There are 2 protein chains.
Amino acid sequence: MAQDWRARKRARTKEAIQHSALRLFLEHGYDATTVARIAEEAGVSHMTFFRYFPTKEDVVLSDDYDPMIEELVRARPTSEPPIERVRAAIAQGLTAVYTADQDALLTRTRLLLETPALRARLWENLHATQRLLERALDDTDATGATAPLRLRVIAGASVSALTTAVVTWAENDGHPELPQLVDEAFAVLEHQLH
Amino acid sequence: MAQDWRARKRARTKEAIQHSALRLFLEHGYDATTVARIAEEAGVSHMTFFRYFPTKEDVVLSDDYDPMIEELVRARPTSEPPIERVRAAIAQGLTAVYTADQDALLTRTRLLLETPALRARLWENLHATQRLLERALDDTDATGATAPLRLRVIAGASVSALTTAVVTWAENDGHPELPQLVDEAFAVLEHQLH
DNA sequence: ACCAACATGTTAGTTACTAACATCAAAGGG
DNA sequence: CCCTTTGATGTTAGTAACTAACATGTTGGT
């Protein structure tokens, strides 16, 4: 097939850029690394960089956890309380990611938290995840209407708990294990709020 | 005094810049308004702009709610459960701000939510507020140590509930009243999580 | 062999933001 | 009343992220 060759080449180029970028970011820092330098390192022009990543930040931020989480949440029975659906889905998805890429996840999280420009975009991504959870939890999904306040608050609290766990995990150099921290964070939400 | 004259002049210049900026943002949009144009409108050079606001975003984002919230939280008796301290403090501070600047608050919130660059920075500010709450709630404040996970989760959930309420309020053109929405959001956290 | 599609390069912008130096006005001491 | 110092502002010249327009090559189908 024709498309296959194209797709593979695109994927290779994208990975090359991402790889070079992360290498340079870790070695010299995010701000000190220019897009031109990344492009040079990856053997492309700086325009090619922007064809693959709309902004410099996206090289670090792009991941595809959101679709996975959405599927997992929708897969949980609607008879469960919403917070339980989210907790279980995140626990499930997280262990998959965690066992596979633990070290990479820690390095990337550190870079994200250390770099102001990346932090800002990261928080915005989290609020996008919140909106995604709202839609996934809302069965009466009238395709455009916003979810009721209760579901929005639950989605927000869940994202916040997850974030707090990840931040704490990174600040403590990866101890204790992230899935355990996430469990503890949700336990606080569910039983220790007062 | 000498300082008074200086301080007043600085304050006037700052307000002039902020005022011109908001006017232009509302009229032509954030991205379509250049810093140079704002400076011209305010009758200063573009460098003066950056001496008062480190970035273009800060013209819209700078407010001083955080110190107020911190004081109010610390003022609540430590015998109360943490979430109740935060809820009460926010309710208290909010009604003050709300009754005084309701319209301005709505306009500004709309602008913030409509503009991607501002949204990103806004979410980051909220996470700064979360860290502030963590410190305010932590009595054993060992000046550098991070708060225990329980308090971090509570602080995060509180900020998230407040944010969700504000966003919902702005999306519904200011109905119902913001303080009521905030109350409802915290009620969900405290009694409707399962 | 030729044509269409697509990835890439080149070039020339715009704009946020920084740094170095100049200017000007007011403050305060002699 | 001058003179020095200090703080606010302007000017100029840069850097770097991003955009738009157009050119070039490379691949796949006919």
# chains A, B, ... in the order shown; residues from 1 in each chain; ligands from 1
>>> interface_residues(of="chain C", to="chain B", cutoff="8 Å", atoms="only C-alpha atoms (C1' of nucleotides)", output="PyMOL selection string")
chain C and resi 15-17+27
>>> write_last_selection(atoms="C-alpha atoms (C1' of nucleotides)", output="PDB file, in the first residue's frame")
ATOM      1  C1'  DT C  15       5.245  39.552  17.406  1.00  0.00           C
ATOM      2  C1'  DA C  16       6.390  38.737  22.192  1.00  0.00           C
ATOM      3  C1'  DC C  17      10.035  39.588  24.970  1.00  0.00           C
ATOM      4  C1'  DA C  27      14.558  64.927  45.648  1.00  0.00           C
TER       5       DA C  27
END
>>> residues_around(residues="DC1 of chain D", least_positions_apart="2", cutoff="12 Å", atoms="only C-alpha atoms (C1' of nucleotides)", output="ChimeraX atom specification")
/C:29-30 /D:3
>>> write_last_selection(atoms="C-alpha atoms (C1' of nucleotides)", output="PDB file, in the first residue's frame")
ATOM      1  C1'  DG C  29      21.926  67.786  50.626  1.00  0.00           C
ATOM      2  C1'  DG C  30      25.338  71.177  50.544  1.00  0.00           C
TER       3       DG C  30
ATOM      4  C1'  DC D   3      24.568  69.432  41.942  1.00  0.00           C
TER       5       DC D   3
END
>>> interface_residues(of="chain B", to="chain A", cutoff="10 Å", atoms="only C-alpha atoms", output="JSON, numbers by chain")
{"B": [80, 81, 82, 83, 84, 116, 117, 118, 119, 120, 121, 122, 123, 124, 125, 126, 127, 130, 146, 147, 148, 149, 150, 151, 152, 153, 154, 155, 156, 157, 158, 159, 160, 161, 162, 163, 164, 165, 168, 171, 181, 184, 185, 186, 187, 188, 189, 190, 191, 192, 193, 194]}
>>> closest_atom_pairs(of="chain D", to="chain B", cutoff="10 Å", atoms="only C-alpha atoms (C1' of nucleotides)", output="CSV")
residue,atom,partner,partner_atom,distance
D:DG7,C1',B:Arg6,CA,8.5
D:DA8,C1',B:Arg10,CA,8.7
D:DT9,C1',B:Thr48,CA,6.9
D:DG10,C1',B:Ser45,CA,6.9
D:DT11,C1',B:Ser45,CA,9.6
>>> write_last_selection(atoms="N, CA and C atoms (P, O5', C5', C4', C3', O3' and C1' of nucleotides)", output="compact mmCIF listing (two decimals), in the first residue's frame")
# COMPACT_ATOMS: atom_id res chain seq x y z
P DG D 7 16.02 54.38 43.47
O5' DG D 7 14.66 54.59 42.68
C5' DG D 7 13.90 55.78 42.92
C4' DG D 7 13.12 56.12 41.68
C3' DG D 7 12.65 54.89 40.90
O3' DG D 7 11.29 55.07 40.51
C1' DG D 7 13.86 56.33 39.48
P DA D 8 10.54 53.83 39.83
O5' DA D 8 10.08 54.52 38.48
C5' DA D 8 9.42 55.77 38.54
C4' DA D 8 9.39 56.37 37.16
C3' DA D 8 8.83 55.43 36.08
O3' DA D 8 7.80 56.11 35.37
C1' DA D 8 10.92 56.30 35.43
P DT D 9 7.01 55.36 34.24
O5' DT D 9 7.90 55.61 32.96
C5' DT D 9 7.80 56.86 32.30
C4' DT D 9 8.85 56.97 31.24
C3' DT D 9 8.63 56.09 30.02
O3' DT D 9 7.99 56.84 29.01
C1' DT D 9 10.94 56.34 30.64
P DG D 10 7.68 56.16 27.62
O5' DG D 10 9.03 56.38 26.80
C5' DG D 10 9.51 57.70 26.61
C4' DG D 10 10.80 57.67 25.81
C3' DG D 10 10.71 56.90 24.49
O3' DG D 10 11.20 57.70 23.43
C1' DG D 10 12.53 56.10 25.80
P DT D 11 11.05 57.21 21.93
O5' DT D 11 12.48 56.60 21.56
C5' DT D 11 13.66 57.19 22.11
C4' DT D 11 14.88 56.48 21.53
C3' DT D 11 14.61 55.71 20.24
O3' DT D 11 15.67 55.96 19.33
C1' DT D 11 15.51 54.24 21.88
>>> residues_around(residues="Leu132 of chain A", least_positions_apart="2", cutoff="10 Å", atoms="only C-alpha atoms (C1' of nucleotides)", output="NGL selection string")
:A and (66-67 or 69-70 or 126-130 or 134-137 or 155)
>>> write_last_selection(atoms="N, CA and C atoms", output="short mmCIF file (atom, residue, chain, number, x, y, z; two decimals), in the first residue's frame")
data_model
loop_
_atom_site.label_atom_id
_atom_site.label_comp_id
_atom_site.auth_asym_id
_atom_site.auth_seq_id
_atom_site.Cartn_x
_atom_site.Cartn_y
_atom_site.Cartn_z
N ASP A 66 -5.87 10.27 27.00
CA ASP A 66 -7.27 10.67 27.10
C ASP A 66 -8.25 9.68 26.46
N PRO A 67 -8.04 9.26 25.23
CA PRO A 67 -8.98 8.31 24.63
C PRO A 67 -9.06 7.02 25.43
N ILE A 69 -8.54 6.60 28.72
CA ILE A 69 -9.34 6.83 29.94
C ILE A 69 -10.82 6.87 29.61
N GLU A 70 -11.17 7.57 28.54
CA GLU A 70 -12.58 7.67 28.19
C GLU A 70 -13.20 6.29 27.96
N LEU A 126 -5.14 19.12 31.64
CA LEU A 126 -5.89 18.43 32.69
C LEU A 126 -7.34 18.88 32.71
N HIS A 127 -7.56 20.15 32.44
CA HIS A 127 -8.95 20.60 32.43
C HIS A 127 -9.67 20.08 31.20
N ALA A 128 -8.94 19.84 30.14
CA ALA A 128 -9.55 19.17 28.98
C ALA A 128 -9.94 17.75 29.39
N THR A 129 -9.09 17.10 30.15
CA THR A 129 -9.42 15.75 30.63
C THR A 129 -10.65 15.79 31.51
N GLN A 130 -10.76 16.82 32.32
CA GLN A 130 -11.96 16.94 33.16
C GLN A 130 -13.21 16.99 32.29
N GLU A 134 -16.41 14.44 32.21
CA GLU A 134 -17.81 14.88 32.37
C GLU A 134 -18.69 14.23 31.30
N ARG A 135 -18.22 14.28 30.08
CA ARG A 135 -19.02 13.69 28.99
C ARG A 135 -19.12 12.18 29.16
N ALA A 136 -18.03 11.56 29.55
CA ALA A 136 -18.05 10.10 29.69
C ALA A 136 -18.99 9.66 30.81
N LEU A 137 -19.11 10.47 31.84
CA LEU A 137 -19.97 10.11 32.97
C LEU A 137 -21.44 10.40 32.69
N ALA A 155 -15.95 14.99 38.36
CA ALA A 155 -14.87 14.87 37.37
C ALA A 155 -13.68 15.74 37.77
#
>>> atom_distance(atom1="atom CA of Tyr65 of chain A", atom2="atom CA of Pro179 of chain A")
15.6 Å
>>> atom_distance(atom1="atom CA of Val73 of chain A", atom2="atom CA of Ala89 of chain A")
5.2 Å
>>> residues_around(residues="Asp103 of chain A", least_positions_apart="4", cutoff="12 Å", atoms="only C-alpha atoms (C1' of nucleotides)", output="PyMOL selection string")
chain A and resi 97-99+107-110+170+173-174+177-178
>>> select_by_dssp(residues="segment 13-167 of chain A", states="alpha helix (DSSP H)", output="PyMOL selection string")
chain A and resi 13-28+35-42+46-52+58-61+65-75+82-114+116-137+149-167
>>> closest_residue(among="B:Gly29, B:Gly93, B:Pro176, B:Gly43", to="Glu71 of chain B", atoms="only C-alpha atoms")
B:Gly93
>>> atom_distance(atom1="atom CA of Val182 of chain A", atom2="atom CA of Leu26 of chain A")
26.7 Å
